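A.B. asks: Dropping a structure here in C-alpha cells format, bear with me for questions.
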Amino acid sequence: MTAAPHILFAGGGAAGYFFPGIAVAEHLRKSLPQAKITFAGPGRPREKHVVRTAGYEYTTVLSQPVPQGPLQAFRFVTDNVAGYCAARWMLRERGVDLVVGLGGYTSTAVVRAAVTREIPFILLEQNAIPSRTTRWLSEAASLVCAGFDEVRPHLHVQAPVATTGNPARPAFEQLCRRMSSSGRSLESAKLSITGGGLPRQKRLVVLGGADGARSLNESMPKALKRLGETLAEWQIIHQTGEGQLQETENRYRQVGIEALAVTFIDEIASVLFASDLVVCRSGGTTLAELALAGVPAVLVPYPHATDDQQISNAKVFSSAGACRLVDESSQGNMLDAALARELTPLVSDEQFRQEMSLNIHALARPDAAADIAASIQETLISAQSIRQAA
C-alpha cells in the first residue's frame with residue numbers, strides 16, 4: 001500500500017451526506033493513521049462546518065442538483081461541467097488514491113472524474129432505491145456498500161455489492177456498544193447509560209434535519225395540540241433547522257404547548273438515546289442512527305426525494321414493525337391530523353413503544369463504518385498490487 005494514501009470522500013447537497021463518510025474516516029484514522037483524508041462538496045456552510053468540526057479538510061467542487069425548471073438548466077450544465085473538470089485536475093494534482101462517493105450531486109462529478117483518471121472508487125448507497133450515480137456507475141465501482149438489501153435488484157447484475165448497513169456517527173456507535181455490553185434489557189440499558197438507571201421524564205423529539213423541514217415545523221405544534229392531556233408528562237424537543245426557530249416557537253406558544261425549540265442539536269446521539277419517541281424524515285443515515293439508539297419513530301418521508309427514496313426507506317422499517325409511516329404527499333392540508341393519529345397510540349401505550357423499540361434496534365448495524373473502512377483498505381491494497389504488476 002502507498003506509504004500515505006490519499007482518500008477523498010465526495011458528496012453534498014445536505015450535511016447528512018457527510019455523516020457516513022466522517023464515521024468511516026474515524027475508523028480509517030485508527031487503522032491507517034498515515035492516510036490523508038479529504039472531503040469534497042459544493043461548499044454549503046453547514047457541510048463545511050460538519051466536516052471541519054470533525055477535523056478534516058473540506059474542498060469545494062462546483063456542482064448543482066438536477067434542475068427543477070428551464071431557468072436552472074443552463075447553470076446545471078455549466079457548473080457541473082466546470083466541477084467535473086476541476087475534480088479531474090484535483091484528483092491528479094493532489095495524488096488521490098481512492099474516491100468514496102457519499103451521494104449527492106458533487107459525488108457524481110467527482111466519481112465520474114475518478115473513472116476517467118482510472119482511480120478506484122467505492123460507492124456508499126444510503127437508500128433502498130439507489131441514486132442515479134450508483135445505478136450508472138455501479139458496475140465500474142470497486143464496491144457498492146449498500147445500506148439496504150433492497151438495493152441489489154436495481155443495480156447491474158455484475159456490480160460488486162455488499163450490504164454493510166449505513167454508517168452512523170461515532171457517538172451513536174459508542175453508546176450502542178455500551179448498551180450491548182451492559183447485559184441488560186434494551187430499556188434498562190438505555191436508562192443506565194443516559195440517566196444513571198433512574199426513571200426520567202418521557203421525551204418526544206422532532207427532527208427536521210440540519211436544513212429544517214418546513215412542513216413538520218408547521219404541522220407538529222397543531223398535531224401535538226390534538227393529543228391533549230396524553231402529552232401532559234412529556235418533554236418536547238423540536239429541532240427546526242436554520243431560519244425557522246422563531247416561527248416554530250411562536251406556533252407552539254399559539255397552541256399553548258411548552259416545547260424546547262432549537263435550531264440544531266449538536267449532541268444528537270445522547271439526546272436520542274435518552275428519548276422515547278421521534279418524529280423525523282427517513283434518510284438512510286437517520287434510520288441507521290435511530291436503530292442504534294433503539295428509539296421508535298413516526299417517519300414522515302421527504303415527499304420530493306428523488307425516486308421516492310425516503311418513502312422506500314420508511315417502508316422497509318415499517319414492514320419490520322420498527323416505525324409508523326405518514327405519507328405527507330397524500331395528506332393535503334391535514335398533515336397535523338395524520339401525525340396525531342399515528343402518535344396517539346405510541347404516546348399513550350408504553351408497551352407498544354417498547355415493542356417498536358426492540359424491532360427498530362434489531363435493524364441496527366453497529367459495525368457498518370468499520371466494515372466499510374476495512375473494504376477501503378482492501379481496495380487500496382488491491383489497486384497497489386495491480387499497479388506494481390503492470
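Residue numbering restarts at 1 for every chain of the C-alpha cells, chains are lettered A, B, ... in their displayed order, and ligands are numbered from 1 as they appear.
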Which residues are near segment 94-104 of chain A? Cut-off 9 Å, only C-alpha atoms, ignore same chain within fewer than 4 positions. Put them as a ChimeraX atom specification.
C.D. replies: /A:2,5-14,17-18,20-21,41,65,89-90,108,110-111,114,119-126,131,133-134,376,379-380,383
A.B. asks: Please report, as a VMD selection string, each residue of segment 7-248 of chain A to which DSSP assigns strand (DSSP E or B) when run on this structure's backbone.
C.D. replies: chain A and resid 7 to 12 36 to 41 57 to 60 98 to 104 121 to 125 143 to 146 161 to 163 202 to 207 234 to 239
A.B. asks: Would you save the residues from that selection as a PDB file, in the first residue's frame, using C-alpha atoms?
C.D. replies:
```
ATOM      1  CA  ILE A   7      -8.609   9.049   0.289  1.00  0.00           C
ATOM      2  CA  LEU A   8     -11.194  11.540  -0.954  1.00  0.00           C
ATOM      3  CA  PHE A   9     -14.812  11.400   0.275  1.00  0.00           C
ATOM      4  CA  ALA A  10     -17.165  13.237  -2.104  1.00  0.00           C
ATOM      5  CA  GLY A  11     -20.791  14.145  -1.505  1.00  0.00           C
ATOM      6  CA  GLY A  12     -23.083  17.029  -0.924  1.00  0.00           C
ATOM      7  CA  LYS A  36      -4.555  11.715   4.175  1.00  0.00           C
ATOM      8  CA  ILE A  37      -8.336  12.119   4.226  1.00  0.00           C
ATOM      9  CA  THR A  38     -10.134  14.914   2.372  1.00  0.00           C
ATOM     10  CA  PHE A  39     -13.819  15.717   1.836  1.00  0.00           C
ATOM     11  CA  ALA A  40     -15.248  17.419  -1.244  1.00  0.00           C
ATOM     12  CA  GLY A  41     -18.656  19.075  -1.565  1.00  0.00           C
ATOM     13  CA  GLU A  57     -10.092  19.245   5.200  1.00  0.00           C
ATOM     14  CA  TYR A  58     -13.027  20.361   3.058  1.00  0.00           C
ATOM     15  CA  THR A  59     -12.591  21.374  -0.561  1.00  0.00           C
ATOM     16  CA  THR A  60     -15.289  22.922  -2.751  1.00  0.00           C
ATOM     17  CA  LEU A  98      -9.195   6.255  -3.883  1.00  0.00           C
ATOM     18  CA  VAL A  99     -12.546   8.077  -4.055  1.00  0.00           C
ATOM     19  CA  VAL A 100     -15.521   7.284  -1.842  1.00  0.00           C
ATOM     20  CA  GLY A 101     -18.818   8.542  -3.275  1.00  0.00           C
ATOM     21  CA  LEU A 102     -21.234   9.510  -0.499  1.00  0.00           C
ATOM     22  CA  GLY A 103     -24.172  10.502  -2.687  1.00  0.00           C
ATOM     23  CA  GLY A 104     -25.434  13.910  -3.744  1.00  0.00           C
ATOM     24  CA  PHE A 121     -13.810   4.211  -6.212  1.00  0.00           C
ATOM     25  CA  ILE A 122     -16.293   2.859  -3.700  1.00  0.00           C
ATOM     26  CA  LEU A 123     -19.922   3.975  -3.565  1.00  0.00           C
ATOM     27  CA  LEU A 124     -21.891   4.319  -0.335  1.00  0.00           C
ATOM     28  CA  GLU A 125     -25.589   3.921  -1.108  1.00  0.00           C
ATOM     29  CA  LEU A 143     -17.573  -1.987  -4.366  1.00  0.00           C
ATOM     30  CA  VAL A 144     -21.046  -0.670  -3.630  1.00  0.00           C
ATOM     31  CA  CYS A 145     -21.663  -0.563   0.130  1.00  0.00           C
ATOM     32  CA  ALA A 146     -25.434  -0.704   0.499  1.00  0.00           C
ATOM     33  CA  VAL A 161     -22.415  -5.154  -3.784  1.00  0.00           C
ATOM     34  CA  ALA A 162     -22.062  -5.684  -0.029  1.00  0.00           C
ATOM     35  CA  THR A 163     -24.921  -4.914   2.351  1.00  0.00           C
ATOM     36  CA  LYS A 202     -40.688  10.820  28.797  1.00  0.00           C
ATOM     37  CA  ARG A 203     -39.299  12.669  25.780  1.00  0.00           C
ATOM     38  CA  LEU A 204     -40.550  13.291  22.238  1.00  0.00           C
ATOM     39  CA  VAL A 205     -38.045  14.675  19.734  1.00  0.00           C
ATOM     40  CA  VAL A 206     -38.967  16.271  16.396  1.00  0.00           C
ATOM     41  CA  LEU A 207     -36.135  16.350  13.843  1.00  0.00           C
ATOM     42  CA  TRP A 234     -43.861  14.517  28.104  1.00  0.00           C
ATOM     43  CA  GLN A 235     -40.927  16.788  27.299  1.00  0.00           C
ATOM     44  CA  ILE A 236     -40.986  18.104  23.718  1.00  0.00           C
ATOM     45  CA  ILE A 237     -37.745  18.958  21.895  1.00  0.00           C
ATOM     46  CA  HIS A 238     -38.047  20.301  18.342  1.00  0.00           C
ATOM     47  CA  GLN A 239     -35.083  20.843  16.008  1.00  0.00           C
TER      48      GLN A 239
END
```
A.B. asks: Between A:Met220, A:Ala368, A:Ala374, A:Val51, single out the one closest to Leu32 of chain A, counting only C-alpha atoms.
C.D. replies: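 Among the listed residues, A:Ala374 lies closest to Leu32 of chain A.
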A.B. asks: Suppose you want the space between atom CA of Asp349 of chain A and atom CA of Ser182 of chain A; what is it in Å?
C.D. replies: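 Taking atom CA of Asp349 of chain A and atom CA of Ser182 of chain A, their separation equals 26.1 Å.
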A.B. asks: Which polymer residues have any atom within 10 Å of an atom of Gln354 of chain A, counting only C-alpha atoms, with same-chain residues fewer than 2 positions away left out, as number ranges by chain?
C.D. replies: A: 186-187, 276, 294-296, 346, 349-352, 356-360
A.B. asks: Using only C-alpha atoms for the distances, tell me which of A:Asp371, A:Glu342, A:Glu118, A:Glu229 is nearest to Leu277 of chain A.
C.D. replies: A:Glu342
A.B. asks: Counting only C-alpha atoms, what is within 12 Å of Asp308 of chain A, bar same-chain residues fewer than 4 positions away, as a list in words?
C.D. replies: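 Using only C-alpha atoms, the neighbours found are Asn127, Ala128, Ile129, Pro130, Ser131, Ser282, Gly283, Pro301, Tyr302, Pro303, His304, Ser312, Asn313, Ala314, Lys315, Asp327, Glu328 and Ser329 of chain A.
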A.B. asks: According to DSSP computed on the backbone, where in segment 4-144 of chain A is there helix (DSSP H, G or I)? Give the residues as JSON, numbers by chain.
C.D. replies: {"A": [15, 16, 17, 18, 19, 20, 21, 22, 23, 24, 25, 26, 27, 28, 29, 30, 31, 45, 46, 47, 48, 49, 50, 51, 52, 53, 70, 71, 72, 73, 74, 75, 76, 77, 78, 79, 80, 81, 82, 83, 84, 85, 86, 87, 88, 89, 90, 91, 92, 93, 105, 106, 107, 108, 109, 110, 111, 112, 113, 114, 115, 116, 132, 133, 134, 135, 136, 137, 138, 139, 140]}
A.B. asks: Applying 7 Å and only C-alpha atoms, which residues near Ala171 of chain A remain after dropping the ones on its own chain fewer than 3 positions away? List them as an NGL selection string.
C.D. replies: :A and (174-175 or 269)
A.B. asks: Which residues are near segment 78-81 of chain A? Cut-off 9 Å, only C-alpha atoms, ignore same chain within fewer than 4 positions. Put them as a list in words.
C.D. replies: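 With the cut-off at 9 Å, the set is Val61, Leu62, Ser63, Gln64, Pro65, Ala73, Phe74, Cys85, Ala86, Tyr105, Thr106 and Ala109 of chain A.
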A.B. asks: Would you mind reading off the distance between atom CA of Pro167 of chain A and atom CA of Thr286 of chain A, one decimal, in Å?
C.D. replies: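 Between atom CA of Pro167 of chain A and atom CA of Thr286 of chain A the gap works out to 10.0 Å.
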A.B. asks: Need the shell around Ala159 of chain A: protein/DNA/RNA residues with any atom at most 9 Å away, counting only C-alpha atoms. Skip same-chain ones fewer than 3 positions apart. Format as a PyMOL selection string?
C.D. replies: chain A and resi 137-144+152+155-156
A.B. asks: Of the residues A:Val278, A:Leu224, A:Leu260, A:Ile268, which is the one nearest to Leu335 of chain A, using only C-alpha atoms?
C.D. replies: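 Nearest to Leu335 of chain A: A:Leu224.
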